[in-house]
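S.K.: One structure, pasted below without further comment.
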Amino acid sequence: MSKPIVAIIGRPNVGKSTLFNALAGERISIVKDTPGITRDRIYADVTWLDTQFTLIDTGGIEPDTKNEMFAHMREQAEIAIDTADVIIFLVDVRQGLVDADSKVADMLRRSNKPIVLVVNKVDNFEKFMPDVYEFYNLGIGDPHPISASSKLGFGDMLDEVTKHFKNISNWDEEDERPRIAIIGKPNVGKSSIVNKLLGENRVIVSDIAGTTRDAIDTPIRRNKKEYILIDTAGLRRKSKIKEDIEHYSIVRTVAAVERADIAILVIDATEGVTEQDAKIAGIAHDRGKGIIIAVNKWDLIEKDSNTVNKFSANIKNVLSFIPYAEILFISAETGQRLNKLFDLIEVVIQNQNLRISTGVLNEIMAEATALQQPPSDKGKQLRLYYITQVAVKPPTFVIFVNDKKLMHFSYTRYIENKIREAFGFAGTSLKFFIRERK
Ligand code: GDP
Ligand code: GDP
C-alpha cells in the first residue's frame, strides 16, 4: 500500500527543519545496515492518529543571496508539486508576509495540489493571532497557526493535512497493475530503458482520473500483461543550483519508490557499483519494496568467462544489505535481456505475495534452533516459541520469544536465512517483529 507524501516548503529560516524534526520525532526509520540516507532526514515516516504518511523536506541547501533565493524557492515548489500529494506551505509570523511568499503562493495556486498554509512561530496564540490573519492575503486558504519549536497547533494542522488524503489514494489502490519504479543515479540509462520499453510497447493511455502523477506514470504491456512504469528520469529538470541536484534526486526517488511495488535499481556497468547506488538502494530497502538490480550498458563491457561473477561479487559486497535482490545484466541500447527483466518482475511479485503456513514455518524454526542454539545472556537462554506470517508485500513474520532483549539481530538474520533457504523469496525483503510471550 502506498503512503501519501507530504512536502514542507517555505523560505529559509521559517522553521522547516524544526517542523520536520518535530513531526518525524524518533519514528525516523534507521535500519542498522542501511547506508547513510535515512539519517540525512530528507524524508521520514509520520503517524498521526491512525494515518501514516511520508514527510519530505524539499529545503535542500539554502542559498544566501537574495537573487538565488527565489530561484531556489521556485525549485522547491516545483519538486513539491511534482512529487507530493499535499503541500505544507510554511510562513513565519515574525517576519510577516513578504514578496517571495506571494510569488510562491501564485505557483502553488496554479498547481491544483492541496495546499495547507501554516504560519509558524506563533508561540503565543493570543498575542500573535492578529498577525496570522494577514496571510489570508496569499489567497490559498485559511492560515493555520503553529509553533514548531513548542509543538503547538499540530493537531489542527495535521487534521487539515490528512483530510486531503481521502481524495488521492483511491485509484492507486484500485489499480491492480504492478507499479515498477526505475531508479538510479543520473546517466546510468534510466530514460534509455524506459524509451526502449515504450518504443516497443506503448499503451495508449485512456483516461486516468486525477492528479499530475499521470504525467510520470506510463502504462506498458509486456508478455500480455500491463504494468505501470514510474519514471524518475522523466521528471528530471536541470537545477540551476548544483548542491540541490542530489537532494532533489533523492526526494524524487523517495516519491517514486513510495508508490511502487518493485524498484529496478539501475547501475552503470562502465562505472561499477558505488556508494551513491547504495544510498538509492537503501530507499527501496527501507520501504520494503521488491528490488531488482539491473546492470546496464552491458554492451560496452569486454567480457571473459569470469566477468559476470566478478561484477556480481562486487555488487553483493557494496550492496550487502540487500542480499535478496536479483542481479541482471542488460543493455538499453541493444535491448538485451529486457524480456528477462519482466520475467524477474513476475517472480518478485509472486514472492512478495507468498504466504507460508504457520505449521511449516514452525517446523523450519524448530529445525533451525536445534541446529544452532539460540543465544543466552547471564545464564538466561533465549527461547523461540512460535512464528507466524502476518502480512505480505513484504512478507512479514512475528516471532514470539521469552525475552526480546535476548533476540539478537544476528539470530533473527539466521532465522531469515533458514526461511529463505526453504522458500527463496528472491527480490523481496522480509520483515520480522519480535514479541514477548510469558
Ligand atoms: P528552516 O531554514 O526553514 O529549516 O528553519 P529552521 O527550522 O532552521 O528554523 C529557523 C530558526 O527559527 C531557528 O533558529 C529555530 O529555532 C527558529 N524557530 C523554528 N520554529 C520556531 C517557533 O515555533 N518559534 C520560534 N520562536 N522560533 C522558531
Ligand atoms: P538517465 O540519466 O539514467 O536517464 O540516463 P540516460 O538514459 O539519459 O543515459 C545516459 C547515457 O548513457 C546516454 O548517452 C545513453 O545513450 C547512454 N546509454 C544508456 N543505456 C545504454 C546502454 O545500454 N548502452 C550504451 N552503450 N549506452 C547507453
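Ligands are numbered from 1 in the order shown, residues from 1 within each chain, and chains are lettered A, B, ... in the order they appear in the C-alpha cells.
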What residues have any atom no more than 9 Å from ligand 1 when counting only C-alpha atoms and all ligand atoms, and can you list them as a PyMOL selection string?

M.R.: chain A and resi 9-21+57+59+62+90-92+94+120-123+146-152

S.K.: Would you name the residues within 12 Å of ligand 2, counting only C-alpha atoms and all ligand atoms, and put them as a PyMOL selection string?

M.R.: chain A and resi 182-197+231-238+249+264-271+277+294-301+329-338

S.K.: Put those residues in a file: N, CA and C atoms, as a compact mmCIF listing (two decimals), in the first residue's frame.

M.R.:
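Saved result, again-v2.txt, follows:
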# COMPACT_ATOMS: atom_id res chain seq x y z
N ILE A 182 11.74 2.89 -11.90
CA ILE A 182 13.10 2.76 -12.44
C ILE A 182 13.95 3.80 -11.73
N ILE A 183 14.85 3.36 -10.89
CA ILE A 183 15.63 4.33 -10.10
C ILE A 183 17.13 4.16 -10.32
N GLY A 184 17.89 5.17 -9.94
CA GLY A 184 19.34 5.11 -10.12
C GLY A 184 19.90 6.51 -10.27
N LYS A 185 21.21 6.60 -10.19
CA LYS A 185 21.88 7.90 -10.33
C LYS A 185 21.65 8.46 -11.74
N PRO A 186 21.98 9.72 -11.93
CA PRO A 186 21.92 10.28 -13.27
C PRO A 186 22.85 9.53 -14.23
N ASN A 187 22.42 9.44 -15.47
CA ASN A 187 23.24 8.90 -16.57
C ASN A 187 23.49 7.40 -16.57
N VAL A 188 22.82 6.67 -15.72
CA VAL A 188 23.01 5.22 -15.74
C VAL A 188 22.20 4.56 -16.86
N GLY A 189 21.23 5.33 -17.40
CA GLY A 189 20.46 4.80 -18.52
C GLY A 189 18.98 4.58 -18.23
N LYS A 190 18.45 5.27 -17.22
CA LYS A 190 17.04 5.09 -16.86
C LYS A 190 16.11 5.48 -18.02
N SER A 191 16.34 6.68 -18.56
CA SER A 191 15.46 7.12 -19.66
C SER A 191 15.59 6.19 -20.85
N SER A 192 16.82 5.75 -21.11
CA SER A 192 17.03 4.88 -22.27
C SER A 192 16.25 3.57 -22.11
N ILE A 193 16.24 3.05 -20.91
CA ILE A 193 15.49 1.81 -20.66
C ILE A 193 14.00 2.04 -20.89
N VAL A 194 13.52 3.14 -20.29
CA VAL A 194 12.09 3.44 -20.43
C VAL A 194 11.74 3.64 -21.90
N ASN A 195 12.58 4.40 -22.60
CA ASN A 195 12.29 4.65 -24.01
C ASN A 195 12.30 3.37 -24.83
N LYS A 196 13.27 2.53 -24.56
CA LYS A 196 13.35 1.26 -25.29
C LYS A 196 12.09 0.43 -25.04
N LEU A 197 11.69 0.38 -23.79
CA LEU A 197 10.49 -0.40 -23.45
C LEU A 197 9.25 0.20 -24.10
N ASP A 231 8.62 6.63 -13.69
CA ASP A 231 9.88 7.01 -14.28
C ASP A 231 10.43 8.25 -13.59
N THR A 232 11.48 8.09 -12.82
CA THR A 232 12.05 9.27 -12.14
C THR A 232 12.88 10.11 -13.10
N ALA A 233 13.40 9.47 -14.14
CA ALA A 233 14.22 10.21 -15.10
C ALA A 233 13.39 11.24 -15.85
N GLY A 234 12.18 10.85 -16.18
CA GLY A 234 11.31 11.74 -16.93
C GLY A 234 11.04 13.04 -16.20
N LEU A 235 11.19 12.97 -14.89
CA LEU A 235 10.91 14.15 -14.08
C LEU A 235 12.08 15.12 -14.02
N ARG A 236 13.21 14.67 -14.53
CA ARG A 236 14.41 15.44 -14.29
C ARG A 236 14.33 16.83 -14.91
N ARG A 237 14.68 17.76 -14.11
CA ARG A 237 14.72 19.13 -14.57
C ARG A 237 16.10 19.62 -14.18
N LYS A 238 16.73 20.36 -15.03
CA LYS A 238 18.07 20.84 -14.70
C LYS A 238 17.98 21.88 -13.58
N SER A 249 17.16 14.72 -6.31
CA SER A 249 17.02 13.42 -6.94
C SER A 249 16.63 12.38 -5.89
N ILE A 264 13.45 -1.06 -9.79
CA ILE A 264 14.57 -1.54 -10.60
C ILE A 264 15.72 -0.57 -10.35
N LEU A 265 16.73 -1.03 -9.67
CA LEU A 265 17.89 -0.17 -9.41
C LEU A 265 18.86 -0.31 -10.57
N VAL A 266 19.02 0.77 -11.32
CA VAL A 266 19.89 0.71 -12.50
C VAL A 266 21.30 1.15 -12.11
N ILE A 267 22.27 0.33 -12.48
CA ILE A 267 23.68 0.61 -12.22
C ILE A 267 24.40 0.67 -13.56
N ASP A 268 25.39 1.54 -13.64
CA ASP A 268 26.15 1.70 -14.88
C ASP A 268 27.33 0.71 -14.88
N ALA A 269 27.30 -0.22 -15.81
CA ALA A 269 28.34 -1.26 -15.85
C ALA A 269 29.73 -0.66 -16.06
N THR A 270 29.79 0.47 -16.76
CA THR A 270 31.11 1.04 -17.06
C THR A 270 31.71 1.72 -15.83
N GLU A 271 30.87 2.02 -14.83
CA GLU A 271 31.36 2.64 -13.60
C GLU A 271 31.49 1.67 -12.44
N ASP A 277 24.94 4.51 -5.41
CA ASP A 277 23.99 3.44 -5.73
C ASP A 277 23.44 2.83 -4.45
N ALA A 294 19.61 -3.89 -12.01
CA ALA A 294 19.84 -4.02 -13.45
C ALA A 294 21.16 -3.33 -13.79
N VAL A 295 22.15 -4.12 -14.15
CA VAL A 295 23.44 -3.56 -14.54
C VAL A 295 23.35 -3.23 -16.03
N ASN A 296 23.28 -1.94 -16.31
CA ASN A 296 23.01 -1.50 -17.69
C ASN A 296 24.31 -1.18 -18.44
N LYS A 297 24.21 -0.98 -19.74
CA LYS A 297 25.33 -0.70 -20.66
C LYS A 297 26.25 -1.92 -20.76
N TRP A 298 25.67 -3.07 -20.58
CA TRP A 298 26.44 -4.31 -20.62
C TRP A 298 27.10 -4.50 -21.99
N ASP A 299 26.53 -3.86 -23.01
CA ASP A 299 27.13 -3.94 -24.36
C ASP A 299 28.51 -3.31 -24.43
N LEU A 300 28.80 -2.41 -23.47
CA LEU A 300 30.10 -1.70 -23.53
C LEU A 300 31.22 -2.45 -22.81
N ILE A 301 30.88 -3.54 -22.16
CA ILE A 301 31.88 -4.22 -21.34
C ILE A 301 32.55 -5.35 -22.12
N PHE A 329 22.02 -8.43 -16.07
CA PHE A 329 22.91 -7.62 -16.90
C PHE A 329 22.19 -7.29 -18.19
N ILE A 330 21.96 -6.01 -18.41
CA ILE A 330 21.11 -5.61 -19.54
C ILE A 330 21.76 -4.54 -20.39
N SER A 331 21.13 -4.27 -21.52
CA SER A 331 21.55 -3.14 -22.34
C SER A 331 20.31 -2.45 -22.90
N ALA A 332 20.17 -1.18 -22.55
CA ALA A 332 19.06 -0.41 -23.10
C ALA A 332 19.31 -0.17 -24.57
N GLU A 333 20.59 -0.11 -24.92
CA GLU A 333 20.99 0.16 -26.30
C GLU A 333 20.52 -0.98 -27.22
N THR A 334 20.84 -2.21 -26.88
CA THR A 334 20.53 -3.34 -27.75
C THR A 334 19.23 -4.05 -27.35
N GLY A 335 18.75 -3.75 -26.16
CA GLY A 335 17.53 -4.44 -25.70
C GLY A 335 17.82 -5.78 -25.05
N GLN A 336 19.11 -6.08 -24.89
CA GLN A 336 19.49 -7.37 -24.32
C GLN A 336 18.86 -7.61 -22.94
N ARG A 337 18.21 -8.74 -22.80
CA ARG A 337 17.60 -9.23 -21.54
C ARG A 337 16.48 -8.34 -20.97
N LEU A 338 15.94 -7.44 -21.77
CA LEU A 338 14.82 -6.67 -21.21
C LEU A 338 13.62 -7.58 -20.98

S.K.: Calculate how many Å separate CA of Phe311 in chain A from CA of Ala284 in chain A, rounding to one decimal.

M.R.: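 Atom-to-atom, CA of Phe311 in chain A and CA of Ala284 in chain A are spaced 21.3 Å apart.
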
S.K.: I'd like the neighbourhood of range 339-353 of chain A as a PDB file with C-alpha atoms, in the first residue's frame, where a residue qualifies if any of its atoms comes within 6 Å (using only C-alpha atoms), though same-chain residues fewer than 6 positions away should be ignored.

M.R.:
ATOM      1  CA  VAL A 392       2.517  -9.906   2.554  1.00  0.00           C
ATOM      2  CA  LYS A 393       4.212  -7.191   0.454  1.00  0.00           C
ATOM      3  CA  PRO A 394       6.656  -7.538   2.077  1.00  0.00           C
ATOM      4  CA  PHE A 425      11.740 -15.121  -1.530  1.00  0.00           C
ATOM      5  CA  GLY A 427      13.701  -9.999  -4.786  1.00  0.00           C
ATOM      6  CA  THR A 428      11.750  -9.137  -1.660  1.00  0.00           C
TER       7      THR A 428
END

S.K.: What residues in range 294-399 of chain A get the DSSP label strand (DSSP E)? Please answer as a list in words.

M.R.: Ala294, Val295, Asn296, Glu326, Ile327, Leu328, Phe329, Ser376, Asp377, Lys380, Gln381, Leu384, Tyr385, Tyr386, Ile387, Thr388, Gln389, Val390, Ala391, Thr396, Phe397, Val398 and Ile399 of chain A

S.K.: Rounded to one decimal place, report the CA of Pro114 in chain A-CA of Ile56 in chain A distance in Å.

M.R.: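 Interatomic distance, CA of Pro114 in chain A to CA of Ile56 in chain A: 15.5 Å.
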
S.K.: Might you pull out every residue within 12 Å of Asp50 in chain A, with only C-alpha atoms counted and same-chain residues fewer than 2 positions away left off, and present them as a ChimeraX atom specification?

M.R.: /A:46-48,52-53,158-159,162

S.K.: Got time to write the residues from that selection, N, CA and C atoms, as a PDB file, in the first residue's frame?

M.R.:
ATOM      1  N   VAL A  46       5.698   9.375   9.219  1.00  0.00           N
ATOM      2  CA  VAL A  46       4.967  10.023  10.302  1.00  0.00           C
ATOM      3  C   VAL A  46       3.635   9.306  10.507  1.00  0.00           C
ATOM      4  N   THR A  47       3.264   9.106  11.770  1.00  0.00           N
ATOM      5  CA  THR A  47       1.958   8.543  12.077  1.00  0.00           C
ATOM      6  C   THR A  47       1.160   9.589  12.840  1.00  0.00           C
ATOM      7  N   TRP A  48      -0.028   9.880  12.368  1.00  0.00           N
ATOM      8  CA  TRP A  48      -0.909  10.805  13.078  1.00  0.00           C
ATOM      9  C   TRP A  48      -2.241  10.092  13.286  1.00  0.00           C
ATOM     10  N   GLN A  52      -0.927   7.195   8.279  1.00  0.00           N
ATOM     11  CA  GLN A  52       0.523   7.290   8.086  1.00  0.00           C
ATOM     12  C   GLN A  52       0.830   8.046   6.804  1.00  0.00           C
ATOM     13  N   PHE A  53       1.893   8.800   6.828  1.00  0.00           N
ATOM     14  CA  PHE A  53       2.348   9.423   5.586  1.00  0.00           C
ATOM     15  C   PHE A  53       3.856   9.578   5.593  1.00  0.00           C
ATOM     16  N   LEU A 158      -2.434  18.891  11.371  1.00  0.00           N
ATOM     17  CA  LEU A 158      -2.400  17.531  10.828  1.00  0.00           C
ATOM     18  C   LEU A 158      -3.790  17.049  10.401  1.00  0.00           C
ATOM     19  N   ASP A 159      -4.817  17.503  11.117  1.00  0.00           N
ATOM     20  CA  ASP A 159      -6.176  17.184  10.671  1.00  0.00           C
ATOM     21  C   ASP A 159      -6.405  17.726   9.274  1.00  0.00           C
ATOM     22  N   THR A 162      -4.278  15.621   6.721  1.00  0.00           N
ATOM     23  CA  THR A 162      -4.742  14.259   6.460  1.00  0.00           C
ATOM     24  C   THR A 162      -6.134  14.228   5.828  1.00  0.00           C
TER      25      THR A 162
END

S.K.: If we count only C-alpha atoms and set the cut-off at 9 Å, which residues sit around range 414-417 of chain A, ignoring sequence neighbours fewer than 4 positions away in its own chain? Please answer as a PyMOL selection string.

M.R.: chain A and resi 364-365+368-369+409-410+421-422+430-432

S.K.: Just to confirm, what's the straight-line distance from CA of Ile180 in chain A to CA of Phe423 in chain A in Å (one decimal)?

M.R.: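 Between CA of Ile180 in chain A and CA of Phe423 in chain A the gap is 23.4 Å.
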
S.K.: If we count only C-alpha atoms, what is near Ile5 in chain A at a cut-off of 8 Å, once residues fewer than 4 positions away on the same chain are taken out, given as a list in words?

M.R.: Phe53, Thr54, Leu55, Ile56, Thr83, Ala84, Asp85, Val86 and Ala255 of chain A

S.K.: How about saving the chosen residues, N, CA and C atoms kept, as a PDB file, in the first residue's frame?

M.R.:
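Saved as result.pdb:
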ATOM      1  N   PHE A  53       1.893   8.800   6.828  1.00  0.00           N
ATOM      2  CA  PHE A  53       2.348   9.423   5.586  1.00  0.00           C
ATOM      3  C   PHE A  53       3.856   9.578   5.593  1.00  0.00           C
ATOM      4  N   THR A  54       4.391   9.848   4.412  1.00  0.00           N
ATOM      5  CA  THR A  54       5.820  10.107   4.283  1.00  0.00           C
ATOM      6  C   THR A  54       6.018  11.604   4.168  1.00  0.00           C
ATOM      7  N   LEU A  55       6.878  12.127   5.027  1.00  0.00           N
ATOM      8  CA  LEU A  55       7.129  13.558   5.027  1.00  0.00           C
ATOM      9  C   LEU A  55       8.447  13.817   4.309  1.00  0.00           C
ATOM     10  N   ILE A  56       8.464  14.756   3.374  1.00  0.00           N
ATOM     11  CA  ILE A  56       9.741  15.099   2.761  1.00  0.00           C
ATOM     12  C   ILE A  56      10.052  16.576   2.967  1.00  0.00           C
ATOM     13  N   THR A  83       5.919  15.867  -6.787  1.00  0.00           N
ATOM     14  CA  THR A  83       6.048  14.626  -6.035  1.00  0.00           C
ATOM     15  C   THR A  83       5.056  14.460  -4.879  1.00  0.00           C
ATOM     16  N   ALA A  84       4.535  15.543  -4.354  1.00  0.00           N
ATOM     17  CA  ALA A  84       3.756  15.410  -3.116  1.00  0.00           C
ATOM     18  C   ALA A  84       2.262  15.310  -3.386  1.00  0.00           C
ATOM     19  N   ASP A  85       1.552  14.709  -2.443  1.00  0.00           N
ATOM     20  CA  ASP A  85       0.097  14.664  -2.514  1.00  0.00           C
ATOM     21  C   ASP A  85      -0.510  15.879  -1.829  1.00  0.00           C
ATOM     22  N   VAL A  86       0.162  16.340  -0.777  1.00  0.00           N
ATOM     23  CA  VAL A  86      -0.289  17.532  -0.053  1.00  0.00           C
ATOM     24  C   VAL A  86       0.955  18.373   0.243  1.00  0.00           C
ATOM     25  N   ALA A 255       9.723   9.570  -3.616  1.00  0.00           N
ATOM     26  CA  ALA A 255       8.342   9.679  -4.075  1.00  0.00           C
ATOM     27  C   ALA A 255       7.989   8.545  -5.032  1.00  0.00           C
TER      28      ALA A 255
END

S.K.: Excluding Thr388 in chain A and any residue of its chain fewer than 6 positions from it, enumerate the residues within 7 Å of it, using only C-alpha atoms, and give them as a ChimeraX atom specification.

M.R.: /A:358,361,397-399

S.K.: Take the residues from that selection and put them in a file with N, CA and C atoms, as a PDB file, in the first residue's frame.

M.R.:
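Dumped everything to again22.pdb:
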ATOM      1  N   THR A 358       1.600 -21.488   8.962  1.00  0.00           N
ATOM      2  CA  THR A 358       2.201 -21.432  10.295  1.00  0.00           C
ATOM      3  C   THR A 358       2.878 -22.753  10.653  1.00  0.00           C
ATOM      4  N   LEU A 361       6.234 -22.993   8.898  1.00  0.00           N
ATOM      5  CA  LEU A 361       7.179 -22.030   9.483  1.00  0.00           C
ATOM      6  C   LEU A 361       7.733 -22.548  10.808  1.00  0.00           C
ATOM      7  N   PHE A 397       6.695 -11.415   9.393  1.00  0.00           N
ATOM      8  CA  PHE A 397       6.557 -12.507  10.345  1.00  0.00           C
ATOM      9  C   PHE A 397       6.632 -11.984  11.774  1.00  0.00           C
ATOM     10  N   VAL A 398       5.913 -12.643  12.658  1.00  0.00           N
ATOM     11  CA  VAL A 398       6.045 -12.343  14.073  1.00  0.00           C
ATOM     12  C   VAL A 398       6.618 -13.574  14.764  1.00  0.00           C
ATOM     13  N   ILE A 399       7.672 -13.367  15.538  1.00  0.00           N
ATOM     14  CA  ILE A 399       8.245 -14.461  16.327  1.00  0.00           C
ATOM     15  C   ILE A 399       7.993 -14.163  17.804  1.00  0.00           C
TER      16      ILE A 399
END

S.K.: Given the choices A:Pro374, A:Asn402, A:Ala391, A:Gly424, which gets closest to Pro323 in chain A if the distance is worked out from only C-alpha atoms?

M.R.: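 So, comparing all the options, the nearest one is A:Gly424.
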
S.K.: Any chance you could list, as number ranges by chain, the residues in range 64-302 of chain A that come up alpha helix (DSSP H) when DSSP is run on the backbone?

M.R.: A: 66-83, 99-111, 125-133, 154-163, 169-174, 190-201, 242-258, 275-286

S.K.: Pick from A:Asp82, A:Tyr133, A:Thr58, A:Tyr324: nearest to Asp217 in chain A, with only C-alpha atoms counted?

M.R.: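 The closest residue to Asp217 in chain A is A:Asp82.
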